[in-house]
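For reference, start_1.cif is printed below; it contains mmCIF, C-alpha atoms and all ligand atoms.
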data_query
loop_
_atom_site.label_atom_id
_atom_site.label_comp_id
_atom_site.auth_asym_id
_atom_site.auth_seq_id
_atom_site.Cartn_x
_atom_site.Cartn_y
_atom_site.Cartn_z
CA MET A 8 134.49 129.09 82.59
CA HIS A 9 131.76 129.15 85.21
CA VAL A 10 130.68 132.76 84.71
CA TYR A 11 128.13 131.86 82.04
CA THR A 12 126.99 128.81 84.02
CA LYS A 13 126.36 130.88 87.14
CA GLN A 14 124.46 133.48 85.13
CA LEU A 15 122.40 130.74 83.49
CA LEU A 16 121.56 129.14 86.84
CA GLU A 17 120.35 132.49 88.16
CA PHE A 18 118.22 132.92 85.02
CA ILE A 19 116.74 129.43 85.51
CA GLU A 20 116.04 130.12 89.19
CA ASN A 21 114.16 133.29 88.21
CA SER A 22 112.25 131.54 85.42
CA PRO A 23 110.08 128.73 86.85
CA THR A 24 107.63 128.95 83.91
CA ALA A 25 107.51 130.53 80.45
CA TYR A 26 105.92 133.68 81.98
CA GLN A 27 108.95 134.37 84.14
CA ALA A 28 111.38 133.26 81.39
CA VAL A 29 109.95 136.06 79.24
CA ASP A 30 109.88 138.51 82.19
CA SER A 31 113.55 137.68 82.94
CA SER A 32 114.53 138.15 79.29
CA ALA A 33 112.60 141.43 79.03
CA LYS A 34 114.36 142.72 82.16
CA ILE A 35 117.77 141.95 80.64
CA LEU A 36 116.75 143.66 77.38
CA ASP A 37 115.43 146.69 79.31
CA GLU A 38 118.77 147.00 81.10
CA GLN A 39 120.51 146.95 77.71
CA GLY A 40 118.38 149.83 76.44
CA PHE A 41 115.97 147.85 74.25
CA VAL A 42 112.58 149.49 73.76
CA ARG A 43 109.39 147.48 74.30
CA LEU A 44 106.86 147.70 71.45
CA GLY A 45 103.16 147.04 71.87
CA ALA A 46 101.28 145.22 69.13
CA GLN A 47 98.72 148.05 69.02
CA ASP A 48 101.33 150.80 68.77
CA ALA A 49 102.63 152.38 65.58
CA TRP A 50 106.25 151.24 65.36
CA GLU A 51 108.75 153.96 64.59
CA LEU A 52 112.07 152.19 64.35
CA GLU A 53 115.46 153.90 64.32
CA ALA A 54 118.58 152.54 62.68
CA GLY A 55 120.97 150.93 65.13
CA LYS A 56 118.42 150.69 67.96
CA GLY A 57 117.13 147.59 69.73
CA TYR A 58 113.47 146.67 70.29
CA TYR A 59 111.38 143.78 71.56
CA THR A 60 107.77 142.68 71.59
CA VAL A 61 105.93 140.12 73.72
CA GLN A 62 103.03 137.80 72.90
CA ASN A 63 100.80 136.27 75.61
CA GLY A 64 103.46 137.02 78.24
CA THR A 65 105.20 133.76 77.24
CA SER A 66 106.89 134.46 73.89
CA ILE A 67 109.28 137.27 72.98
CA ILE A 68 110.99 138.60 69.85
CA ALA A 69 113.86 141.08 70.19
CA PHE A 70 115.65 142.69 67.27
CA ARG A 71 118.37 145.18 66.52
CA MET A 72 117.92 147.44 63.52
CA PRO A 73 120.92 147.60 61.16
CA ALA A 74 122.68 150.87 60.43
CA GLY A 75 121.72 150.61 56.74
CA LYS A 76 119.02 148.84 54.73
CA ILE A 77 118.02 145.25 55.53
CA ASP A 78 119.63 142.71 53.18
CA SER A 79 119.22 139.65 55.39
CA VAL A 80 117.88 138.41 58.71
CA MET A 81 119.96 136.43 61.20
CA LEU A 82 117.52 134.88 63.64
CA ALA A 83 118.07 132.63 66.66
CA ALA A 84 114.98 130.93 68.07
CA SER A 85 114.58 128.85 71.21
CA HIS A 86 111.70 127.96 73.53
CA SER A 87 110.56 129.27 76.88
CA ASP A 88 108.45 126.32 78.07
CA SER A 89 109.38 123.00 79.69
CA PRO A 90 107.39 119.87 80.51
CA THR A 91 105.44 120.27 83.74
CA PHE A 92 101.95 119.91 85.24
CA LYS A 93 99.17 122.47 84.95
CA LEU A 94 96.46 122.95 87.56
CA LYS A 95 92.96 122.09 86.38
CA ALA A 96 90.11 124.62 86.77
CA VAL A 97 88.82 122.96 89.96
CA CYS A 98 92.21 122.21 91.39
CA GLU A 99 91.71 121.21 95.02
CA ALA A 100 90.69 117.63 95.83
CA ASP A 101 89.76 116.71 99.41
CA THR A 102 90.60 113.07 100.21
CA GLY A 103 88.96 113.33 103.63
CA ASP A 104 92.36 113.45 105.34
CA TYR A 105 94.30 115.73 103.04
CA VAL A 106 93.93 118.25 100.26
CA LYS A 107 95.74 117.33 97.05
CA LEU A 108 95.88 119.26 93.80
CA ASN A 109 94.35 118.16 90.54
CA THR A 110 96.77 118.57 87.65
CA GLU A 111 97.29 117.47 84.08
CA ARG A 112 100.46 116.98 82.08
CA TYR A 113 101.98 119.75 79.99
CA GLY A 114 104.42 118.18 77.51
CA GLY A 115 106.15 114.83 77.73
CA MET A 116 108.00 114.58 81.00
CA ILE A 117 109.70 111.66 82.80
CA LEU A 118 106.96 111.27 85.40
CA SER A 119 109.07 109.57 88.09
CA THR A 120 111.41 112.58 88.33
CA TRP A 121 108.63 114.70 89.85
CA LEU A 122 108.14 112.53 92.93
CA ASP A 123 109.49 113.06 96.46
CA LYS A 124 110.92 116.51 95.96
CA PRO A 125 109.75 119.96 97.00
CA LEU A 126 107.60 121.62 94.37
CA SER A 127 105.73 124.88 94.13
CA LEU A 128 103.46 126.84 91.80
CA ALA A 129 104.15 129.59 89.27
CA GLY A 130 102.52 131.06 86.18
CA ARG A 131 100.06 133.92 85.94
CA LEU A 132 96.90 135.18 87.56
CA VAL A 133 94.17 137.09 85.78
CA VAL A 134 93.02 139.86 88.11
CA LYS A 135 89.96 142.13 87.96
CA GLY A 136 90.40 145.64 89.30
CA GLU A 137 89.08 149.17 88.87
CA GLN A 138 91.24 149.60 85.78
CA GLY A 139 89.88 146.41 84.13
CA ILE A 140 91.19 142.87 83.77
CA LYS A 141 94.95 142.35 83.71
CA THR A 142 97.47 139.53 84.06
CA VAL A 143 100.02 139.29 86.85
CA SER A 144 102.86 136.80 86.70
CA VAL A 145 103.35 134.90 89.93
CA LYS A 146 105.92 132.63 91.57
CA VAL A 147 105.14 131.11 94.96
CA ASP A 148 108.67 131.22 96.33
CA ARG A 149 108.50 128.49 98.94
CA ASP A 150 108.16 124.70 99.11
CA LEU A 151 104.40 124.29 98.79
CA VAL A 152 103.49 120.85 97.43
CA LEU A 153 105.05 117.39 96.94
CA ILE A 154 104.08 114.24 95.03
CA PRO A 155 104.78 111.33 97.39
CA ASN A 156 105.84 107.92 96.12
CA VAL A 157 104.17 104.74 97.39
CA ALA A 158 106.47 102.79 99.72
CA ILE A 159 108.39 99.85 98.25
CA HIS A 160 106.54 97.57 100.70
CA GLN A 161 103.23 98.61 99.17
CA ASN A 162 104.41 98.42 95.56
CA ARG A 163 106.99 95.69 94.99
CA LYS A 164 106.96 96.53 91.26
CA HIS A 165 108.61 99.92 91.78
CA ASN A 166 111.96 98.69 90.48
CA ASP A 167 110.50 96.56 87.70
CA GLY A 168 109.57 99.32 85.29
CA PHE A 169 106.47 100.56 87.14
CA ALA A 170 104.18 102.66 84.95
CA PHE A 171 103.04 105.84 86.72
CA ASN A 172 99.51 107.00 85.93
CA ALA A 173 99.16 110.78 85.51
CA GLN A 174 95.64 110.82 86.98
CA THR A 175 96.26 108.70 90.07
CA ASP A 176 99.99 108.72 90.87
CA MET A 177 100.99 112.31 90.12
CA MET A 178 98.63 114.45 92.23
CA PRO A 179 100.62 116.68 94.58
CA LEU A 180 99.84 116.82 98.28
CA TYR A 181 99.03 120.37 99.42
CA GLY A 182 97.82 120.27 103.04
CA MET A 183 95.63 118.78 105.75
CA SER A 184 91.87 118.81 105.17
CA SER A 185 91.69 122.07 107.09
CA ALA A 186 93.59 123.73 104.22
CA LYS A 187 90.69 123.20 101.80
CA GLY A 188 89.83 126.34 99.87
CA SER A 189 93.04 128.18 100.78
CA LEU A 190 95.18 127.59 97.70
CA MET A 191 94.17 130.63 95.66
CA ALA A 192 94.65 132.90 98.68
CA THR A 193 98.21 131.57 99.01
CA VAL A 194 98.94 132.18 95.34
CA ALA A 195 97.26 135.61 95.38
CA GLU A 196 99.34 136.65 98.37
CA ALA A 197 102.53 135.64 96.53
CA ALA A 198 101.40 137.80 93.59
CA GLY A 199 100.55 140.73 95.86
CA VAL A 200 96.87 140.76 94.85
CA LYS A 201 93.59 140.07 96.67
CA ALA A 202 92.24 136.53 96.32
CA GLU A 203 88.73 137.87 95.62
CA ASP A 204 90.06 139.81 92.62
CA VAL A 205 91.46 136.70 90.93
CA VAL A 206 89.19 135.76 88.03
CA GLY A 207 91.45 133.36 86.15
CA SER A 208 94.80 131.61 86.28
CA ASP A 209 97.38 129.58 84.38
CA LEU A 210 99.39 127.86 87.12
CA TYR A 211 102.07 125.18 86.79
CA LEU A 212 104.19 123.07 89.10
CA TYR A 213 107.91 123.77 89.25
CA ASN A 214 110.75 121.83 90.84
CA ARG A 215 112.28 123.67 93.81
CA THR A 216 115.50 121.62 93.88
CA PRO A 217 118.35 124.15 93.66
CA ALA A 218 120.71 123.99 90.70
CA THR A 219 124.26 122.76 91.33
CA ILE A 220 127.68 122.68 89.67
CA TRP A 221 129.36 119.35 90.40
CA GLY A 222 131.75 116.55 89.42
CA ALA A 223 135.51 116.33 88.94
CA ASP A 224 136.77 119.77 87.91
CA ASN A 225 133.17 121.01 88.29
CA ALA A 226 132.55 119.81 84.76
CA PHE A 227 128.78 119.41 85.07
CA PHE A 228 125.75 121.32 86.22
CA SER A 229 122.26 120.11 87.00
CA ALA A 230 119.07 122.14 87.24
CA PRO A 231 115.42 122.13 86.22
CA ARG A 232 114.53 123.37 82.71
CA ILE A 233 118.03 123.15 81.15
CA ASP A 234 115.98 122.21 78.07
CA ASN A 235 115.61 124.86 76.84
CA LEU A 236 116.65 127.79 79.00
CA MET A 237 120.30 126.87 78.34
CA CYS A 238 119.79 127.71 74.66
CA ALA A 239 117.41 130.62 75.36
CA TYR A 240 119.88 132.31 77.71
CA GLY A 241 122.99 131.39 75.69
CA THR A 242 121.60 132.77 72.42
CA LEU A 243 120.36 135.90 74.25
CA GLN A 244 123.87 136.53 75.53
CA GLY A 245 125.29 135.95 72.06
CA PHE A 246 122.71 138.39 70.66
CA LEU A 247 123.51 141.08 73.24
CA GLN A 248 127.26 140.69 72.86
CA SER A 249 127.25 140.78 69.07
CA ALA A 250 128.30 143.94 67.26
CA ALA A 251 125.55 145.83 65.45
CA ALA A 252 125.38 144.92 61.78
CA GLN A 253 125.47 147.18 58.75
CA ASN A 254 122.76 145.48 56.67
CA THR A 255 121.53 142.56 58.77
CA LEU A 256 118.44 142.52 60.96
CA GLN A 257 119.54 140.58 64.06
CA VAL A 258 116.63 138.80 65.75
CA TRP A 259 116.46 136.81 68.98
CA ALA A 260 113.22 134.94 69.62
CA CYS A 261 111.95 132.64 72.33
CA PHE A 262 108.63 130.83 71.86
CA ASP A 263 106.16 129.15 74.19
CA ASN A 264 104.43 125.82 73.55
CA GLU A 265 107.28 124.03 71.78
CA GLU A 266 106.71 121.11 74.13
CA THR A 267 103.11 120.74 72.93
CA GLY A 268 103.66 121.26 69.19
CA SER A 269 104.10 125.05 68.71
CA ARG A 270 100.63 125.50 67.19
CA THR A 271 99.28 128.33 69.33
CA LYS A 272 99.05 132.08 68.80
CA GLN A 273 102.34 132.48 70.68
CA GLY A 274 104.06 129.36 69.29
CA ALA A 275 106.66 129.10 66.54
CA GLY A 276 103.86 127.77 64.30
CA ALA A 277 101.97 131.08 64.57
CA LEU A 278 101.96 133.95 62.07
CA TRP A 279 103.25 136.22 64.82
CA MET A 280 106.90 135.78 63.87
CA ARG A 281 106.36 136.50 60.18
CA ASP A 282 104.02 139.40 60.97
CA THR A 283 106.64 140.92 63.25
CA LEU A 284 109.40 140.68 60.64
CA GLU A 285 107.07 142.03 57.93
CA ARG A 286 106.21 144.96 60.14
CA VAL A 287 109.89 145.75 60.68
CA CYS A 288 110.71 145.41 56.99
CA GLU A 289 107.70 147.45 55.82
CA GLY A 290 108.73 150.21 58.23
CA CYS A 291 111.95 150.67 56.30
CA GLY A 292 110.67 150.00 52.80
CA THR A 293 112.03 146.45 52.52
CA ASP A 294 110.23 143.47 50.98
CA LEU A 295 110.73 140.58 53.42
CA ARG A 296 110.34 138.05 50.62
CA ARG A 297 113.45 139.41 48.89
CA VAL A 298 115.42 139.24 52.13
CA LEU A 299 114.63 135.64 53.08
CA PRO A 300 116.90 133.79 50.58
CA ALA A 301 120.04 135.25 52.18
CA SER A 302 118.64 134.93 55.72
CA MET A 303 119.25 132.22 58.24
CA MET A 304 117.63 130.76 61.34
CA LEU A 305 119.39 129.09 64.23
CA SER A 306 116.82 126.82 65.84
CA ALA A 307 118.43 126.29 69.24
CA ASP A 308 117.17 123.44 71.40
CA ASN A 309 119.19 120.99 73.44
CA ALA A 310 120.37 117.62 72.13
CA HIS A 311 120.81 114.18 73.67
CA ALA A 312 124.35 113.46 74.82
CA LYS A 313 125.58 109.88 74.63
CA HIS A 314 124.47 108.37 77.95
CA PRO A 315 127.29 106.96 80.09
CA ASN A 316 125.21 103.91 81.08
CA HIS A 317 123.41 103.50 77.77
CA PRO A 318 125.69 104.35 74.82
CA GLU A 319 123.70 101.84 72.73
CA LEU A 320 120.76 104.30 72.67
CA SER A 321 122.77 106.68 70.47
CA ASP A 322 123.79 106.35 66.84
CA ALA A 323 127.36 105.06 66.86
CA GLN A 324 128.83 107.76 64.64
CA ASN A 325 126.58 110.75 65.48
CA ALA A 326 126.59 110.72 69.28
CA PRO A 327 127.66 114.02 70.84
CA ARG A 328 129.24 114.31 74.25
CA MET A 329 128.66 116.96 76.90
CA GLY A 330 131.37 119.62 76.75
CA GLY A 331 132.20 118.82 73.12
CA GLY A 332 130.74 121.98 71.62
CA VAL A 333 127.65 122.93 69.67
CA VAL A 334 125.64 119.98 68.37
CA ILE A 335 124.25 120.18 64.82
CA LYS A 336 121.13 118.02 64.67
CA ALA A 337 119.94 116.50 61.40
CA ASN A 338 117.12 114.14 60.47
CA ALA A 339 116.20 112.74 57.05
CA SER A 340 112.48 113.39 57.53
CA GLN A 341 113.24 116.98 58.61
CA SER A 342 112.05 116.77 62.19
CA TYR A 343 115.22 118.86 62.45
CA ALA A 344 115.43 121.57 59.79
CA THR A 345 119.16 121.20 59.11
CA ASP A 346 120.21 120.46 55.54
CA GLY A 347 123.50 120.43 53.66
CA ILE A 348 123.53 124.20 53.02
CA SER A 349 122.55 125.34 56.53
CA CYS A 350 124.95 122.83 58.11
CA ALA A 351 127.81 124.05 55.90
CA ILE A 352 127.18 127.76 56.57
CA PHE A 353 126.85 127.28 60.33
CA SER A 354 129.90 125.00 60.48
CA GLU A 355 131.94 127.67 58.68
CA ILE A 356 130.74 130.32 61.13
CA CYS A 357 131.76 128.15 64.11
CA LYS A 358 135.09 127.24 62.55
CA LYS A 359 135.95 130.92 62.06
CA ALA A 360 134.92 131.63 65.67
CA GLY A 361 136.94 128.70 67.04
CA VAL A 362 133.83 126.97 68.45
CA PRO A 363 133.87 123.15 68.20
CA THR A 364 130.87 121.41 66.62
CA GLN A 365 129.62 117.83 66.69
CA SER A 366 126.77 116.04 64.96
CA PHE A 367 123.65 114.32 66.20
CA ALA A 368 121.36 111.89 64.41
CA ASN A 369 118.77 109.57 65.89
CA ARG A 370 119.28 105.84 65.77
CA SER A 371 117.62 104.74 62.53
CA ASP A 372 115.18 102.56 64.50
CA SER A 373 114.06 105.45 66.73
CA PRO A 374 111.85 108.40 65.72
CA GLY A 375 113.57 110.79 68.18
CA GLY A 376 112.27 114.26 68.99
CA SER A 377 111.52 117.35 66.96
CA THR A 378 112.00 121.10 67.32
CA LEU A 379 110.40 124.36 66.31
CA GLY A 380 112.82 124.86 63.36
CA SER A 381 110.88 123.02 60.65
CA ILE A 382 107.55 124.37 61.97
CA ALA A 383 108.74 128.00 61.84
CA ASP A 384 110.20 127.36 58.38
CA THR A 385 106.79 126.61 56.91
CA LEU A 386 105.81 130.26 57.51
CA LEU A 387 109.22 131.82 57.17
CA PRO A 388 111.21 129.84 54.58
CA MET A 389 114.92 130.40 55.08
CA ASN A 390 118.05 128.32 55.57
CA THR A 391 117.70 126.83 59.04
CA VAL A 392 120.07 124.80 61.15
CA ASP A 393 118.94 122.92 64.23
CA ILE A 394 121.50 123.09 66.97
CA GLY A 395 121.66 122.47 70.70
CA MET A 396 123.96 121.66 73.57
CA ALA A 397 124.42 118.02 74.57
CA GLN A 398 122.61 117.11 77.79
CA LEU A 399 121.45 114.10 79.78
CA ALA A 400 117.99 113.21 81.08
CA MET A 401 116.03 115.50 78.75
CA HIS A 402 112.51 116.15 80.14
CA SER A 403 113.48 115.01 83.63
CA SER A 404 112.47 117.61 86.20
CA TYR A 405 116.22 117.90 86.89
CA GLU A 406 118.58 117.73 83.91
CA THR A 407 122.35 117.69 83.42
CA ALA A 408 124.76 119.38 81.01
CA ALA A 409 128.38 120.52 80.84
CA CYS A 410 129.55 123.93 82.09
CA ALA A 411 131.96 124.29 79.15
CA ASP A 412 129.08 124.27 76.68
CA ASN A 413 127.60 127.47 78.10
CA ALA A 414 130.52 129.40 76.61
CA HIS A 415 130.19 127.43 73.36
CA VAL A 416 126.54 128.43 72.80
CA VAL A 417 127.27 132.10 73.60
CA ASN A 418 130.33 132.24 71.33
CA ALA A 419 128.64 130.39 68.46
CA SER A 420 125.53 132.57 68.53
CA ARG A 421 127.55 135.78 68.81
CA ALA A 422 129.52 134.75 65.70
CA PHE A 423 126.23 133.80 63.99
CA PHE A 424 124.68 137.22 64.64
CA GLU A 425 127.82 138.98 63.42
CA THR A 426 127.76 137.11 60.11
CA ALA A 427 126.29 138.79 57.04
CA ILE A 428 125.29 136.24 54.43
CA LYS A 429 125.28 137.33 50.82
CA LEU A 430 123.73 135.26 48.04
CA ASP A 431 124.91 136.26 44.57
CA ALA A 432 123.03 135.91 41.27
CA ASP A 433 124.84 132.62 40.55
CA GLY A 434 123.59 131.06 43.78
CA ASN A 435 126.88 131.34 45.69
CA TYR A 436 126.75 132.11 49.39
CA HIS A 437 129.36 134.50 50.81
CA ILE A 438 129.83 134.60 54.56
ZN ZN A 501 113.58 121.59 73.97
#

Take the structure from the file and write it as structure tokens.
Ligand SMILES: [Zn+2]
Amino acid sequence: MHVYTKQLLEFIENSPTAYQAVDSSAKILDEQGFVRLGAQDAWELEAGKGYYTVQNGTSIIAFRMPAGKIDSVMLAASHSDSPTFKLKAVCEADTGDYVKLNTERYGGMILSTWLDKPLSLAGRLVVKGEQGIKTVSVKVDRDLVLIPNVAIHQNRKHNDGFAFNAQTDMMPLYGMSSAKGSLMATVAEAAGVKAEDVVGSDLYLYNRTPATIWGADNAFFSAPRIDNLMCAYGTLQGFLQSAAAQNTLQVWACFDNEETGSRTKQGAGALWMRDTLERVCEGCGTDLRRVLPASMMLSADNAHAKHPNHPELSDAQNAPRMGGGVVIKANASQSYATDGISCAIFSEICKKAGVPTQSFANRSDSPGGSTLGSIADTLLPMNTVDIGMAQLAMHSSYETAACADNAHVVNASRAFFETAIKLDADGNYHI
């Protein structure tokens, strides 16, 4: 049961930001014989072969060509980013005694979970060399900074719902005053480049707390970035394990910037996804528009489990539990893309595969979250189901889920990729 969990925890450890999440995924795809395609290349695609393409270093689309013509697309999409803090352009601030770093929020995190724990920096550097300007992904692999709390004696309101301020309370401590001006040299060294060659950067904090498997019967695991690397890794495994299809284009995608609304050139709201599928279809004489009605998207992003201390925060009848199987998320205003048809098709797929499912809905007096599913659908209209694995403390810097669900997401997505949906002239779906 713990094989998938251990693999996931290694993937998370190697993926402190979206840059490394894509690097880690590309490495796995390389090992499986997938061929990397450049956007500027002419794509010559062979039946039965696997390919992938990367955008901005933070989003990735992999696909396996069917043996025959493309009748449908089975696509699983997740996201590579997680809430964190990004360094500002002038990022060192000298207090007179110490050097702290100047950051701003990326996404909507639980601020308090970032305090009093070892943190470090990762992301990418932009480096100028004799060959031109290039990007280098970087992870500073040691405890480098920490955001210290104020003592209880100096803030008696700490336990009374204290509101942390992102500009004043969340600046990480980096060093003594003597360390001023040394940060970029430290990061450059970790990247194996010269500090004077660094001409740009996109650097983020990451939580260094190691992942752990814990609890009675080792039922749970905790780690940074479970949302959404649990779904990214689980659907990737399902994709790689699935048998090649006769007439289905199998696609695994992982997008950046879900946590900030998906509306970037590499986000699920970009034309990139549709362009990529059009390019594949055109290459084999297929009209994508004719393929979409029988196609399906699995928008995979974790769900809120019923909280052991706060069950009242969940809807009474649609409150999933950790370990209970794949969660199907639905929302009347379509912040989740699930509808009656997509829910029915996916439920049938899971039933056939022996994977348990459960349902999630927000409390009717709470707006809840949203996912990339409905955003991607506006550019790529197809039946879409929003799913996820039940977890606690979403957007904490250290989240919790159930080990058993790692097998559930792999098994469900493998069965999904192996399904060929047919839509007949009378509007009946055959799966
Ligand atoms: Zn998410």

I want to know what sits within 8 Å of A:Phe424, based on all atoms listed in the file, with residues of the same chain fewer than 2 positions away left out; could you give that as a PyMOL selection string? chain A and resi 81-82+245-246+249+257+420-422+426-427

Kindly assemble as a Markdown table a list of the chain A residues that lie within 12 Å of ligand ZN 501 (chain A), each paired with its nearest atom pair and their distance in Å to one decimal, using all atoms listed in the file, sorted first by chain and then by ascending residue number.
| residue | atom | partner | partner_atom | distance |
| --- | --- | --- | --- | --- |
| A:Ala84 | CA | A:ZN501 | ZN | 11.1 |
| A:Ser85 | CA | A:ZN501 | ZN | 7.8 |
| A:His86 | CA | A:ZN501 | ZN | 6.7 |
| A:Ser87 | CA | A:ZN501 | ZN | 8.8 |
| A:Asp88 | CA | A:ZN501 | ZN | 8.1 |
| A:Ser89 | CA | A:ZN501 | ZN | 7.2 |
| A:Pro90 | CA | A:ZN501 | ZN | 9.2 |
| A:Gly114 | CA | A:ZN501 | ZN | 10.4 |
| A:Gly115 | CA | A:ZN501 | ZN | 10.7 |
| A:Met116 | CA | A:ZN501 | ZN | 11.4 |
| A:Arg232 | CA | A:ZN501 | ZN | 9.0 |
| A:Ile233 | CA | A:ZN501 | ZN | 8.6 |
| A:Asp234 | CA | A:ZN501 | ZN | 4.8 |
| A:Asn235 | CA | A:ZN501 | ZN | 4.8 |
| A:Leu236 | CA | A:ZN501 | ZN | 8.6 |
| A:Met237 | CA | A:ZN501 | ZN | 9.6 |
| A:Cys238 | CA | A:ZN501 | ZN | 8.7 |
| A:Ala239 | CA | A:ZN501 | ZN | 9.9 |
| A:Cys261 | CA | A:ZN501 | ZN | 11.3 |
| A:Phe262 | CA | A:ZN501 | ZN | 10.7 |
| A:Asp263 | CA | A:ZN501 | ZN | 10.6 |
| A:Asn264 | CA | A:ZN501 | ZN | 10.1 |
| A:Glu265 | CA | A:ZN501 | ZN | 7.1 |
| A:Glu266 | CA | A:ZN501 | ZN | 6.9 |
| A:Thr267 | CA | A:ZN501 | ZN | 10.6 |
| A:Gly268 | CA | A:ZN501 | ZN | 11.0 |
| A:Ser269 | CA | A:ZN501 | ZN | 11.4 |
| A:Ser306 | CA | A:ZN501 | ZN | 10.2 |
| A:Ala307 | CA | A:ZN501 | ZN | 8.2 |
| A:Asp308 | CA | A:ZN501 | ZN | 4.8 |
| A:Asn309 | CA | A:ZN501 | ZN | 5.7 |
| A:Ala310 | CA | A:ZN501 | ZN | 8.1 |
| A:His311 | CA | A:ZN501 | ZN | 10.4 |
| A:Tyr343 | CA | A:ZN501 | ZN | 12.0 |
| A:Gly376 | CA | A:ZN501 | ZN | 9.0 |
| A:Ser377 | CA | A:ZN501 | ZN | 8.4 |
| A:Thr378 | CA | A:ZN501 | ZN | 6.9 |
| A:Leu379 | CA | A:ZN501 | ZN | 8.7 |
| A:Gly380 | CA | A:ZN501 | ZN | 11.1 |
| A:Asp393 | CA | A:ZN501 | ZN | 11.2 |
| A:Ile394 | CA | A:ZN501 | ZN | 10.7 |
| A:Gly395 | CA | A:ZN501 | ZN | 8.8 |
| A:Met396 | CA | A:ZN501 | ZN | 10.4 |
| A:Ala397 | CA | A:ZN501 | ZN | 11.4 |
| A:Gln398 | CA | A:ZN501 | ZN | 10.8 |
| A:Ala400 | CA | A:ZN501 | ZN | 11.8 |
| A:Met401 | CA | A:ZN501 | ZN | 8.1 |
| A:His402 | CA | A:ZN501 | ZN | 8.3 |
| A:Ser403 | CA | A:ZN501 | ZN | 11.7 |
| A:Glu406 | CA | A:ZN501 | ZN | 11.8 |

_If I take atom CA of A:His437 and atom CA of A:Ser349, how far is one from the other in Å, to one decimal?_
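For atom CA of A:His437 relative to atom CA of A:Ser349, the distance reads 12.8 Å.
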
Excluding same-chain residues fewer than 6 positions from A:Pro388, what lies within 10 Å of it counting all atoms listed in the file, as a PyMOL selection string?
chain A and resi 281+296+299-300+302-304+381-382

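Closest approach to A:Asp209 among A:Thr345, A:Ser321, A:Ser144, A:Ser184: A:Ser144, based on all atoms listed in the file.
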
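As for atom CA of A:Gly276 and atom CA of A:Asp384, they are spaced 8.7 Å apart.
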
Contacts of A:Gln14 at 12 Å (all atoms listed in the file; same-chain gap of 2+ positions) as number ranges by chain
A: 8-12, 16-21, 31, 35, 218, 236-237, 240-241, 243-244, 410, 413-414, 417

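Here atom CA of A:Pro231 is placed at a distance of 26.0 Å from atom CA of A:Val106.
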
Can you tell me which residues surround A:Ala74 at a distance of at most 6 Å, considering all atoms listed in the file, apart from same-chain residues fewer than 2 positions away, and format the answer as a PyMOL selection string?
chain A and resi 54-55+253

Residue with the minimum atom-to-atom distance to A:Phe228, picked from A:Glu355, A:Asn109, A:Gly57, A:Gly330 with only C-alpha atoms counted, is A:Gly330

Practice prompt. Do a neighbour search on A:Asp104 at 10 Å with only C-alpha atoms, toss out local chain neighbours closer than 4 positions, and write the hits as a PyMOL selection string.
Written response: chain A and resi 182-185

A:Thr391 proximity check over A:Val80, A:Tyr181, A:Tyr211, A:Phe227, using all atoms listed in the file: winner is A:Val80

Min atom-atom distance to A:Ser366 from the set A:Ala129, A:Ile154, A:Cys350, A:Val206, counting all atoms listed in the file, belongs to A:Cys350

Selected residue, from A:Tyr405, A:Asp204, A:Pro23, A:Asp294, that lies nearest to A:Glu137 when counting all atoms listed in the file: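 Among the listed residues, the smallest separation from A:Glu137 belongs to A:Asp204.
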
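When all atoms listed in the file are used to compute distances to A:Val298, the closest of the residues A:Ile220, A:Ala252, A:Ala323, A:Ile428 turns out to be A:Ile428.
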